[in-house]
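A.B. asks: See upload-v2.pdb below, with PDB, C-alpha atoms.
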ATOM      1  CA  MET N  25     -17.636  48.886   3.498
ATOM      2  CA  SER N  26     -21.435  49.264   3.640
ATOM      3  CA  ASN N  27     -23.760  47.073   5.654
ATOM      4  CA  ILE N  28     -24.905  45.532   2.362
ATOM      5  CA  ASP N  29     -21.285  44.764   1.437
ATOM      6  CA  ASN N  30     -20.694  43.282   4.900
ATOM      7  CA  LYS N  31     -23.746  41.042   4.542
ATOM      8  CA  THR N  32     -22.644  39.934   1.075
ATOM      9  CA  GLN N  33     -19.170  39.046   2.381
ATOM     10  CA  THR N  34     -20.645  37.162   5.340
ATOM     11  CA  ASP N  35     -22.986  35.212   3.069
ATOM     12  CA  SER N  36     -20.072  34.395   0.772
ATOM     13  CA  ASP N  37     -17.998  33.104   3.703
ATOM     14  CA  ALA N  38     -20.913  30.946   4.830
ATOM     15  CA  ASN N  39     -21.283  29.486   1.359
ATOM     16  CA  THR N  40     -17.645  28.453   1.218
ATOM     17  CA  ASN N  41     -17.546  27.198   4.806
ATOM     18  CA  ASN N  42     -20.841  25.410   5.289
ATOM     19  CA  ASN N  43     -19.360  22.699   7.517
ATOM     20  CA  GLY N  44     -18.628  25.249  10.244
ATOM     21  CA  TYR N  45     -14.847  24.706  10.263
ATOM     22  CA  THR N  46     -12.242  27.388   9.649
ATOM     23  CA  PRO N  47      -8.583  26.312   9.892
ATOM     24  CA  PRO N  48      -6.708  28.190  12.633
ATOM     25  CA  LYS N  49      -3.568  30.162  11.822
ATOM     26  CA  VAL N  50      -1.517  27.541  13.681
ATOM     27  CA  TRP N  51      -2.667  23.923  13.935
ATOM     28  CA  LYS N  52      -2.690  22.325  17.372
ATOM     29  CA  ASN N  53      -3.219  18.709  18.323
ATOM     30  CA  ASP N  54      -5.656  19.607  21.060
ATOM     31  CA  LYS N  55      -8.493  17.119  20.483
ATOM     32  CA  GLU N  56      -9.062  13.570  19.245
ATOM     33  CA  ASN N  57      -9.647  13.479  15.504
ATOM     34  CA  GLY N  58     -11.923  10.454  15.522
ATOM     35  CA  GLY N  59     -11.918   7.579  13.077
ATOM     36  CA  LYS N  60     -10.611   4.034  13.265
ATOM     37  CA  PHE N  61      -6.987   4.911  14.048
ATOM     38  CA  ALA N  62      -7.551   7.889  16.326
ATOM     39  CA  SER N  63      -5.927   6.161  19.294
ATOM     40  CA  THR N  64      -2.595   5.713  17.479
ATOM     41  CA  ASN N  65      -2.451   8.912  15.422
ATOM     42  CA  SER N  66       0.151  11.458  16.466
ATOM     43  CA  PRO N  67       2.067  14.299  14.769
ATOM     44  CA  THR N  68       5.389  13.011  16.156
ATOM     45  CA  ALA N  69       7.668  10.130  15.168
ATOM     46  CA  GLY N  70       9.836   7.774  17.187
ATOM     47  CA  ALA N  71       9.363   4.890  19.589
ATOM     48  CA  ARG N  72       6.619   5.145  22.200
ATOM     49  CA  HIS N  73       7.447   2.027  24.166
ATOM     50  CA  GLU N  74      10.153  -0.596  24.514
ATOM     51  CA  LYS N  75       9.458  -3.752  22.551
ATOM     52  CA  VAL N  76      11.859  -6.500  21.522
ATOM     53  CA  LEU N  77      10.943  -8.175  18.249
ATOM     54  CA  PRO N  78      11.348 -11.933  17.840
ATOM     55  CA  VAL N  79      13.931 -13.243  15.395
ATOM     56  CA  GLY N  80      13.488 -16.675  13.850
ATOM     57  CA  ASP N  81      15.928 -19.020  12.154
ATOM     58  CA  ALA N  82      15.207 -18.117   8.515
ATOM     59  CA  PRO N  83      17.494 -15.755   6.587
ATOM     60  CA  LEU N  84      14.703 -13.198   6.147
ATOM     61  CA  GLN N  85      12.600 -11.766   8.956
ATOM     62  CA  LEU N  86       9.370 -10.044   7.940
ATOM     63  CA  TYR N  87       7.440  -7.759  10.286
ATOM     64  CA  SER N  88       4.141  -6.912   8.694
ATOM     65  CA  LEU N  89       0.358  -7.136   8.474
ATOM     66  CA  ASN N  90      -1.914  -8.473   5.742
ATOM     67  CA  THR N  91      -2.948  -5.052   4.493
ATOM     68  CA  PRO N  92      -2.336  -4.293   0.797
ATOM     69  CA  ASN N  93       1.168  -2.979   1.516
ATOM     70  CA  GLY N  94       1.954  -6.102   3.488
ATOM     71  CA  VAL N  95       0.419  -8.447   0.923
ATOM     72  CA  LYS N  96       2.776  -7.073  -1.742
ATOM     73  CA  ILE N  97       5.782  -8.571   0.020
ATOM     74  CA  ASN N  98       3.925 -11.732   1.007
ATOM     75  CA  ILE N  99       3.317 -12.363  -2.693
ATOM     76  CA  LEU N 100       6.948 -11.888  -3.686
ATOM     77  CA  LEU N 101       8.243 -14.095  -0.888
ATOM     78  CA  GLU N 102       5.734 -16.806  -1.736
ATOM     79  CA  GLU N 103       6.569 -16.574  -5.443
ATOM     80  CA  LEU N 104      10.259 -17.029  -4.544
ATOM     81  CA  ALA N 105       9.274 -20.021  -2.408
ATOM     82  CA  GLU N 106       7.316 -21.393  -5.383
ATOM     83  CA  LEU N 107      10.583 -21.356  -7.333
ATOM     84  CA  GLY N 108      12.276 -23.354  -4.585
ATOM     85  CA  ILE N 109      14.759 -20.636  -3.578
ATOM     86  CA  LYS N 110      15.857 -21.745  -0.125
ATOM     87  CA  ASP N 111      17.790 -18.568   0.643
ATOM     88  CA  ALA N 112      14.494 -16.675   0.396
ATOM     89  CA  ALA N 113      13.036 -18.549   3.383
ATOM     90  CA  TYR N 114      11.439 -16.215   5.882
ATOM     91  CA  ASP N 115       9.728 -15.900   9.234
ATOM     92  CA  ALA N 116       6.719 -13.575   9.361
ATOM     93  CA  TYR N 117       5.536 -11.676  12.422
ATOM     94  CA  LYS N 118       2.388  -9.636  12.906
ATOM     95  CA  ILE N 119       2.676  -5.930  13.587
ATOM     96  CA  ASP N 120      -0.788  -4.918  14.746
ATOM     97  CA  ILE N 121      -1.059  -1.271  13.754
ATOM     98  CA  SER N 122      -4.349  -0.840  15.619
ATOM     99  CA  GLU N 123      -2.522  -1.754  18.841
ATOM    100  CA  GLY N 124       0.492   0.483  18.193
ATOM    101  CA  ASP N 125       3.031  -2.307  17.578
ATOM    102  CA  GLN N 126       4.612  -0.135  14.896
ATOM    103  CA  PHE N 127       5.798   2.255  17.614
ATOM    104  CA  GLY N 128       7.769  -0.343  19.543
ATOM    105  CA  SER N 129      11.481   0.383  19.943
ATOM    106  CA  ASP N 130      12.784  -2.539  17.862
ATOM    107  CA  PHE N 131      10.374  -1.892  14.999
ATOM    108  CA  VAL N 132      11.211   1.820  14.916
ATOM    109  CA  SER N 133      14.906   0.919  14.739
ATOM    110  CA  ILE N 134      14.109  -1.015  11.544
ATOM    111  CA  ASN N 135      11.671   1.523  10.128
ATOM    112  CA  PRO N 136      11.856   5.037  11.595
ATOM    113  CA  ASN N 137       8.619   5.836   9.729
ATOM    114  CA  SER N 138       6.666   3.256  11.781
ATOM    115  CA  LYS N 139       4.843   1.706   8.828
ATOM    116  CA  ILE N 140       4.517  -1.888   7.721
ATOM    117  CA  PRO N 141       6.073  -3.847   6.150
ATOM    118  CA  ALA N 142       9.676  -3.969   7.304
ATOM    119  CA  LEU N 143      12.228  -6.664   6.621
ATOM    120  CA  VAL N 144      15.619  -7.657   8.028
ATOM    121  CA  ASP N 145      18.004  -9.759   5.970
ATOM    122  CA  TYR N 146      20.231 -11.934   8.171
ATOM    123  CA  SER N 147      21.793 -13.824   5.263
ATOM    124  CA  PRO N 148      25.455 -14.650   5.932
ATOM    125  CA  ASN N 149      26.495 -13.045   2.644
ATOM    126  CA  THR N 150      25.212  -9.594   3.559
ATOM    127  CA  GLU N 151      27.636  -6.678   3.593
ATOM    128  CA  ASP N 152      30.144  -7.011   6.471
ATOM    129  CA  GLY N 153      28.106  -9.971   7.675
ATOM    130  CA  LYS N 154      25.711  -7.575   9.381
ATOM    131  CA  PRO N 155      21.903  -7.667   9.044
ATOM    132  CA  ILE N 156      20.349  -5.343   6.484
ATOM    133  CA  ALA N 157      17.090  -3.594   7.379
ATOM    134  CA  VAL N 158      14.787  -2.539   4.551
ATOM    135  CA  PHE N 159      11.569  -0.537   4.844
ATOM    136  CA  GLU N 160       8.951   0.781   2.399
ATOM    137  CA  SER N 161       7.208  -1.947   0.419
ATOM    138  CA  GLY N 162       8.546  -0.787  -2.947
ATOM    139  CA  ALA N 163      12.102  -0.801  -1.650
ATOM    140  CA  ILE N 164      11.657  -4.259  -0.119
ATOM    141  CA  ALA N 165      10.200  -5.636  -3.364
ATOM    142  CA  LEU N 166      13.061  -4.254  -5.427
ATOM    143  CA  TYR N 167      15.690  -5.369  -2.878
ATOM    144  CA  LEU N 168      14.430  -8.956  -2.841
ATOM    145  CA  ALA N 169      13.890  -9.160  -6.598
ATOM    146  CA  GLU N 170      17.422  -7.946  -7.292
ATOM    147  CA  LYS N 171      18.959 -10.058  -4.524
ATOM    148  CA  PHE N 172      17.574 -13.257  -6.040
ATOM    149  CA  GLY N 173      17.527 -12.165  -9.677
ATOM    150  CA  LYS N 174      13.832 -12.896 -10.095
ATOM    151  CA  PHE N 175      10.736 -10.914 -11.104
ATOM    152  CA  VAL N 176      12.655  -7.813 -12.179
ATOM    153  CA  PRO N 177      14.448  -7.289 -15.508
ATOM    154  CA  SER N 178      18.167  -6.652 -15.199
ATOM    155  CA  ALA N 179      19.792  -3.402 -16.211
ATOM    156  CA  ALA N 180      21.961  -5.141 -18.796
ATOM    157  CA  GLY N 181      21.689  -5.053 -22.575
ATOM    158  CA  ALA N 182      18.336  -5.745 -24.179
ATOM    159  CA  GLN N 183      16.519  -5.825 -20.845
ATOM    160  CA  THR N 184      17.114  -2.146 -20.146
ATOM    161  CA  LYS N 185      13.787  -1.114 -21.723
ATOM    162  CA  ALA N 186      11.895  -3.842 -19.851
ATOM    163  CA  ARG N 187      13.492  -2.757 -16.584
ATOM    164  CA  ALA N 188      12.522   0.851 -17.182
ATOM    165  CA  GLU N 189       8.913  -0.192 -17.733
ATOM    166  CA  CYS N 190       8.882  -2.383 -14.621
ATOM    167  CA  LEU N 191      10.324   0.358 -12.425
ATOM    168  CA  SER N 192       7.979   2.951 -13.909
ATOM    169  CA  TRP N 193       4.919   0.912 -12.920
ATOM    170  CA  LEU N 194       6.454   0.077  -9.541
ATOM    171  CA  MET N 195       6.857   3.791  -8.823
ATOM    172  CA  TRP N 196       3.399   4.515 -10.267
ATOM    173  CA  GLN N 197       1.930   2.264  -7.611
ATOM    174  CA  MET N 198       3.941   3.813  -4.799
ATOM    175  CA  ALA N 199       2.839   7.301  -5.862
ATOM    176  CA  SER N 200      -0.780   6.440  -6.650
ATOM    177  CA  ALA N 201      -1.894   4.130  -3.841
ATOM    178  CA  PRO N 202      -1.915   6.831  -1.133
ATOM    179  CA  TYR N 203      -4.839   8.411  -3.019
ATOM    180  CA  LEU N 204      -6.622   5.063  -2.895
ATOM    181  CA  GLY N 205      -5.744   4.060   0.672
ATOM    182  CA  GLY N 206      -5.141   7.234   2.642
ATOM    183  CA  GLY N 207      -7.561   9.189   0.480
ATOM    184  CA  PHE N 208     -10.521   7.170  -0.774
ATOM    185  CA  GLY N 209     -10.262   4.301   1.712
ATOM    186  CA  HIS N 210      -9.915   6.554   4.721
ATOM    187  CA  PHE N 211     -12.803   8.893   3.954
ATOM    188  CA  TYR N 212     -15.093   6.185   2.557
ATOM    189  CA  ALA N 213     -14.506   3.532   5.222
ATOM    190  CA  TYR N 214     -12.703   4.914   8.274
ATOM    191  CA  ALA N 215     -13.585   8.575   8.821
ATOM    192  CA  PRO N 216     -15.875   9.228  11.811
ATOM    193  CA  GLU N 217     -18.618  10.443   9.477
ATOM    194  CA  PRO N 218     -19.141  10.557   5.676
ATOM    195  CA  MET N 219     -18.022  13.808   4.053
ATOM    196  CA  GLU N 220     -19.084  14.517   0.503
ATOM    197  CA  TYR N 221     -16.174  16.601  -0.747
ATOM    198  CA  PRO N 222     -13.260  14.269   0.176
ATOM    199  CA  ILE N 223     -15.209  11.150  -0.841
ATOM    200  CA  ASN N 224     -16.023  12.666  -4.233
ATOM    201  CA  ARG N 225     -12.483  13.972  -4.659
ATOM    202  CA  PHE N 226     -10.757  10.674  -3.955
ATOM    203  CA  THR N 227     -13.389   8.559  -5.704
ATOM    204  CA  MET N 228     -12.745  10.508  -8.880
ATOM    205  CA  GLU N 229      -8.997   9.952  -8.570
ATOM    206  CA  THR N 230      -9.374   6.251  -7.740
ATOM    207  CA  LYS N 231     -11.574   5.706 -10.790
ATOM    208  CA  ARG N 232      -9.104   7.638 -12.943
ATOM    209  CA  GLN N 233      -6.324   5.325 -11.736
ATOM    210  CA  LEU N 234      -8.432   2.261 -12.509
ATOM    211  CA  ASP N 235      -8.970   3.694 -15.982
ATOM    212  CA  VAL N 236      -5.198   4.158 -16.394
ATOM    213  CA  LEU N 237      -4.735   0.465 -15.605
ATOM    214  CA  ASP N 238      -7.654  -0.663 -17.745
ATOM    215  CA  ARG N 239      -6.373   1.177 -20.810
ATOM    216  CA  HIS N 240      -2.859  -0.165 -20.279
ATOM    217  CA  LEU N 241      -3.991  -3.766 -19.765
ATOM    218  CA  LYS N 242      -6.214  -3.756 -22.857
ATOM    219  CA  ASN N 243      -3.334  -5.066 -24.946
ATOM    220  CA  SER N 244      -1.150  -6.533 -22.215
ATOM    221  CA  GLU N 245      -1.512  -9.745 -20.226
ATOM    222  CA  TYR N 246       0.605  -8.369 -17.394
ATOM    223  CA  MET N 247       1.776  -4.872 -16.522
ATOM    224  CA  CYS N 248       4.965  -5.273 -18.567
ATOM    225  CA  GLY N 249       3.926  -7.517 -21.414
ATOM    226  CA  ASN N 250       2.660 -10.958 -22.326
ATOM    227  CA  GLY N 251       3.698 -14.422 -21.242
ATOM    228  CA  GLU N 252       4.772 -15.826 -17.898
ATOM    229  CA  ASP N 253       8.193 -14.159 -18.131
ATOM    230  CA  ALA N 254       6.504 -10.744 -18.152
ATOM    231  CA  TYR N 255       5.010 -11.253 -14.682
ATOM    232  CA  ASN N 256       7.096  -9.212 -12.234
ATOM    233  CA  ILE N 257       7.097  -7.106  -9.091
ATOM    234  CA  SER N 258       5.049  -4.357 -10.731
ATOM    235  CA  ASP N 259       2.145  -6.800 -11.070
ATOM    236  CA  MET N 260       2.547  -7.920  -7.470
ATOM    237  CA  VAL N 261       2.549  -4.493  -5.881
ATOM    238  CA  ILE N 262      -0.235  -3.107  -8.074
ATOM    239  CA  TRP N 263      -2.409  -6.210  -7.615
ATOM    240  CA  ALA N 264      -2.181  -5.969  -3.827
ATOM    241  CA  TRP N 265      -4.034  -2.651  -4.039
ATOM    242  CA  TYR N 266      -5.908  -2.381  -7.335
ATOM    243  CA  GLY N 267      -6.369  -6.075  -8.062
ATOM    244  CA  GLN N 268      -7.914  -6.669  -4.668
ATOM    245  CA  LEU N 269     -10.015  -3.525  -5.078
ATOM    246  CA  ALA N 270     -11.296  -4.770  -8.449
ATOM    247  CA  LEU N 271     -12.174  -8.141  -6.914
ATOM    248  CA  GLY N 272     -14.196  -6.510  -4.143
ATOM    249  CA  LYS N 273     -11.682  -7.195  -1.364
ATOM    250  CA  LEU N 274     -11.098  -3.604  -0.196
ATOM    251  CA  TYR N 275     -13.381  -1.221   1.686
ATOM    252  CA  ASP N 276     -16.596  -2.988   0.595
ATOM    253  CA  ALA N 277     -16.585  -0.486  -2.260
ATOM    254  CA  ALA N 278     -16.917  -2.608  -5.411
ATOM    255  CA  GLU N 279     -20.452  -1.473  -6.244
ATOM    256  CA  PHE N 280     -19.771   2.149  -5.295
ATOM    257  CA  LEU N 281     -16.752   2.296  -7.622
ATOM    258  CA  GLN N 282     -18.409   0.167 -10.360
ATOM    259  CA  VAL N 283     -15.270  -1.959 -10.572
ATOM    260  CA  ASP N 284     -16.882  -4.405 -13.015
ATOM    261  CA  ASP N 285     -16.699  -1.687 -15.661
ATOM    262  CA  TYR N 286     -12.915  -2.139 -15.833
ATOM    263  CA  SER N 287     -12.951  -5.398 -17.768
ATOM    264  CA  HIS N 288      -9.223  -5.564 -18.529
ATOM    265  CA  VAL N 289      -8.333  -4.922 -14.891
ATOM    266  CA  GLN N 290     -10.816  -7.632 -13.921
ATOM    267  CA  ARG N 291      -9.211 -10.178 -16.255
ATOM    268  CA  TRP N 292      -5.701  -9.349 -14.989
ATOM    269  CA  ALA N 293      -6.750  -9.305 -11.340
ATOM    270  CA  GLN N 294      -8.459 -12.694 -11.545
ATOM    271  CA  LYS N 295      -5.539 -14.279 -13.381
ATOM    272  CA  ILE N 296      -3.099 -13.217 -10.668
ATOM    273  CA  ALA N 297      -5.512 -14.169  -7.880
ATOM    274  CA  GLU N 298      -5.449 -17.754  -9.168
ATOM    275  CA  ARG N 299      -1.681 -18.121  -8.727
ATOM    276  CA  PRO N 300      -0.856 -20.553  -5.885
ATOM    277  CA  ALA N 301       1.683 -18.162  -4.354
ATOM    278  CA  VAL N 302      -0.846 -15.322  -4.340
ATOM    279  CA  LYS N 303      -3.485 -17.494  -2.704
ATOM    280  CA  ARG N 304      -1.029 -18.312   0.078
ATOM    281  CA  ALA N 305       0.092 -14.699   0.373
ATOM    282  CA  VAL N 306      -3.307 -13.196   1.047
ATOM    283  CA  GLU N 307      -3.977 -15.749   3.776
ATOM    284  CA  LEU N 308      -0.457 -15.721   5.230
ATOM    285  CA  GLU N 309      -0.404 -16.573   8.917
ATOM    286  CA  LEU N 310       1.688 -14.048  10.831
ATOM    287  CA  ALA N 311       3.091 -15.041  14.206
ATOM    288  CA  PRO N 312       2.265 -12.746  17.133
ATOM    289  CA  ILE N 313       5.123 -10.715  18.603
ATOM    290  CA  ARG N 314       3.791 -10.915  22.162
TER     291      ARG N 314
END
Spell out the structure here as structure tokens.

C.D. replies:
Amino acid sequence: MSNIDNKTQTDSDANTNNNGYTPPKVWKNDKENGGKFASTNSPTAGARHEKVLPVGDAPLQLYSLNTPNGVKINILLEELAELGIKDAAYDAYKIDISEGDQFGSDFVSINPNSKIPALVDYSPNTEDGKPIAVFESGAIALYLAEKFGKFVPSAAGAQTKARAECLSWLMWQMASAPYLGGGFGHFYAYAPEPMEYPINRFTMETKRQLDVLDRHLKNSEYMCGNGEDAYNISDMVIWAWYGQLALGKLYDAAEFLQVDDYSHVQRWAQKIAERPAVKRAVELELAPIR
């Protein structure tokens, strides 16, 4: 290769690597990565310290935080309380993820992935009379909705189509929100410094997702239809992320994302925000575990 060719190749490399970083052949965790959660980030799983979690007297024990993923389950539990379902009574405890509570031994035994929320069902009618631990917010929502026969269509007869739609939107949220939270939210609000490429990349995807919702809600009061009976867990889990985002409650990013442009999402988000159970859910007081 000539000197001219070498210079051309070097210039090309510089143009595609203008931030000065080239990934090594093998990644090593040899320096702090910065950002809000740098002190708790690690490439390994498992408990890091012994910690006994409190257990109250209610049938359901919730270990969580009022982040969007936590608020999802708060809403469902408060909606069940609104219906007067006594067996859905719960105690709620705060897992402070900035302090590493999610890596305590008892919490890891409930959720080996060390993420909130996690729930333990101590109801006397559980299988073999033993407590049932449930983790992942989508799984908890579906478990509780099916347990109490509320806010999810059954799999029987004419409701099969409605159930399919509900579960489709439930899974849409579970698959989509990491782009909003771990993608857009992280790089826009929590990264140690603003970086144009990831912010642009995840902003584009977040706005595309808002457009998906806006188009769908154009002719639908709730995610799965019209009328109070159509309100279900898909609305709850999607609202916790995208409803709060549309109402300016996440990342201080309402103006940046132009959320007012999504008029159908706005109407839906405000309608759900006015529900008494939702108002209680977003302000839920979580007891400390210390």

A.B. asks: I'd like the interatomic distance between CA of Leu281 in chain N and CA of Ile262 in chain N, to a tenth of an Å.

C.D. replies: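 One can read the CA of Leu281 in chain N to CA of Ile262 in chain N distance as 17.4 Å.
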
A.B. asks: How far is it from CA of Phe280 in chain N to CA of Arg239 in chain N, in Å with one decimal?

C.D. replies: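 For CA of Phe280 in chain N relative to CA of Arg239 in chain N, the distance reads 20.5 Å.
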
A.B. asks: Mind running range 144-247 of chain N against range 84-95 of chain N at 7 Å and telling me each contacting residue's nearest atom pair with the distance in Å (one decimal), counting only C-alpha atoms, chain and number ascending, as a tab-separated table?

C.D. replies:
residue	atom	partner	partner_atom	distance
N:Val144	CA	N:Gln85	CA	5.2
N:Asp145	CA	N:Leu84	CA	4.8
N:Tyr146	CA	N:Leu84	CA	6.0
N:Ser161	CA	N:Asn93	CA	6.2

A.B. asks: Within 8 Å of range 189-199 of chain N, counting only C-alpha atoms, which residues qualify if same-chain residues fewer than 6 places away don't, as a list in words?

C.D. replies: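 Skipping anything fewer than 6 positions along the chain leaves Gly162, Val176, Pro177, Met247, Cys248, Asn256, Ile257, Ser258, Val261 and Ile262 of chain N.
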
A.B. asks: Run the PyMOL selection byres ((chain N and resi 123) around 12) on the file and write out the hits as a list in words.

C.D. replies: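 Expected selection for the PyMOL selection byres ((chain N and resi 123) around 12) here is Lys60, Phe61, Ala62, Ser63, Thr64, Asn65, Arg72, His73, Lys118, Ile119, Asp120, Ile121, Ser122, Gly124, Asp125, Gln126, Phe127, Gly128, Ile313 and Arg314 of chain N.
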
A.B. asks: Kindly extract all protein, DNA and RNA residues lying within 12 Å of the coordinates (-1.8, -13.6, 3.3) given in the file, considering all atoms listed in the file, and supply them as a ChimeraX atom specification.

C.D. replies: /N:88-102,116-118,264,297,300-310

A.B. asks: Next, the residues of the selection above should be written as a short mmCIF file (atom, residue, chain, number, x, y, z; two decimals), in the coordinates of the input with C-alpha atoms.

C.D. replies:
data_model
loop_
_atom_site.label_atom_id
_atom_site.label_comp_id
_atom_site.auth_asym_id
_atom_site.auth_seq_id
_atom_site.Cartn_x
_atom_site.Cartn_y
_atom_site.Cartn_z
CA SER N 88 4.14 -6.91 8.69
CA LEU N 89 0.36 -7.14 8.47
CA ASN N 90 -1.91 -8.47 5.74
CA THR N 91 -2.95 -5.05 4.49
CA PRO N 92 -2.34 -4.29 0.80
CA ASN N 93 1.17 -2.98 1.52
CA GLY N 94 1.95 -6.10 3.49
CA VAL N 95 0.42 -8.45 0.92
CA LYS N 96 2.78 -7.07 -1.74
CA ILE N 97 5.78 -8.57 0.02
CA ASN N 98 3.92 -11.73 1.01
CA ILE N 99 3.32 -12.36 -2.69
CA LEU N 100 6.95 -11.89 -3.69
CA LEU N 101 8.24 -14.10 -0.89
CA GLU N 102 5.73 -16.81 -1.74
CA ALA N 116 6.72 -13.58 9.36
CA TYR N 117 5.54 -11.68 12.42
CA LYS N 118 2.39 -9.64 12.91
CA ALA N 264 -2.18 -5.97 -3.83
CA ALA N 297 -5.51 -14.17 -7.88
CA PRO N 300 -0.86 -20.55 -5.88
CA ALA N 301 1.68 -18.16 -4.35
CA VAL N 302 -0.85 -15.32 -4.34
CA LYS N 303 -3.48 -17.49 -2.70
CA ARG N 304 -1.03 -18.31 0.08
CA ALA N 305 0.09 -14.70 0.37
CA VAL N 306 -3.31 -13.20 1.05
CA GLU N 307 -3.98 -15.75 3.78
CA LEU N 308 -0.46 -15.72 5.23
CA GLU N 309 -0.40 -16.57 8.92
CA LEU N 310 1.69 -14.05 10.83
#

A.B. asks: Counting only C-alpha atoms, what is within 12 Å of Gln233 in chain N, bar same-chain residues fewer than 6 positions away, as JSON, numbers by chain?

C.D. replies: {"N": [196, 197, 199, 200, 201, 202, 203, 204, 208, 226, 227, 239, 240, 262, 265, 266, 267, 269, 270, 281, 283, 286, 289]}

A.B. asks: Taking 2 positions as the minimum chain separation for residues in the same chain, which residues sit within 6 Å of Ala142 in chain N when counting only C-alpha atoms? Answer as a PDB file with C-alpha atoms, in the coordinates of the input.

C.D. replies:
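Below is the file around.pdb, written as the result:
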ATOM      1  CA  TYR N  87       7.440  -7.759  10.286  1.00  0.00           C
ATOM      2  CA  ILE N 140       4.517  -1.888   7.721  1.00  0.00           C
ATOM      3  CA  VAL N 158      14.787  -2.539   4.551  1.00  0.00           C
ATOM      4  CA  PHE N 159      11.569  -0.537   4.844  1.00  0.00           C
TER       5      PHE N 159
END

A.B. asks: So the first atom is CA of Trp292 in chain N and the second is CA of Lys174 in chain N; what is the distance between them in Å, to one decimal place?

C.D. replies: 20.4 Å

A.B. asks: Which residues come within 10 Å of Asp238 in chain N, counting all atoms listed in the file, excluding same-chain residues fewer than 4 positions away, as a list in words?

C.D. replies: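 Near Asp238 in chain N, the qualifying residues are Arg232, Gln233, Leu234, Lys242, Asn243, Ser244, Asp285, Tyr286, Ser287, His288, Val289, Gln290, Arg291 and Trp292 of chain N.
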
A.B. asks: Using all atoms listed in the file, which of the listed residues (N:Pro222, N:Pro155, N:Gly108, N:Pro136) sits closest to Ala71 in chain N?

C.D. replies: N:Pro136

A.B. asks: Please provide as a PDB file with C-alpha atoms, in the coordinates of the input all residues within 8 Å of range 209-212 of chain N, with the sequence filter that same-chain residues fewer than 4 positions apart are discarded (counting only C-alpha atoms).

C.D. replies:
ATOM      1  CA  LEU N 204      -6.622   5.063  -2.895  1.00  0.00           C
ATOM      2  CA  GLY N 205      -5.744   4.060   0.672  1.00  0.00           C
ATOM      3  CA  PRO N 218     -19.141  10.557   5.676  1.00  0.00           C
ATOM      4  CA  MET N 219     -18.022  13.808   4.053  1.00  0.00           C
ATOM      5  CA  PRO N 222     -13.260  14.269   0.176  1.00  0.00           C
ATOM      6  CA  ILE N 223     -15.209  11.150  -0.841  1.00  0.00           C
ATOM      7  CA  TYR N 275     -13.381  -1.221   1.686  1.00  0.00           C
TER       8      TYR N 275
END
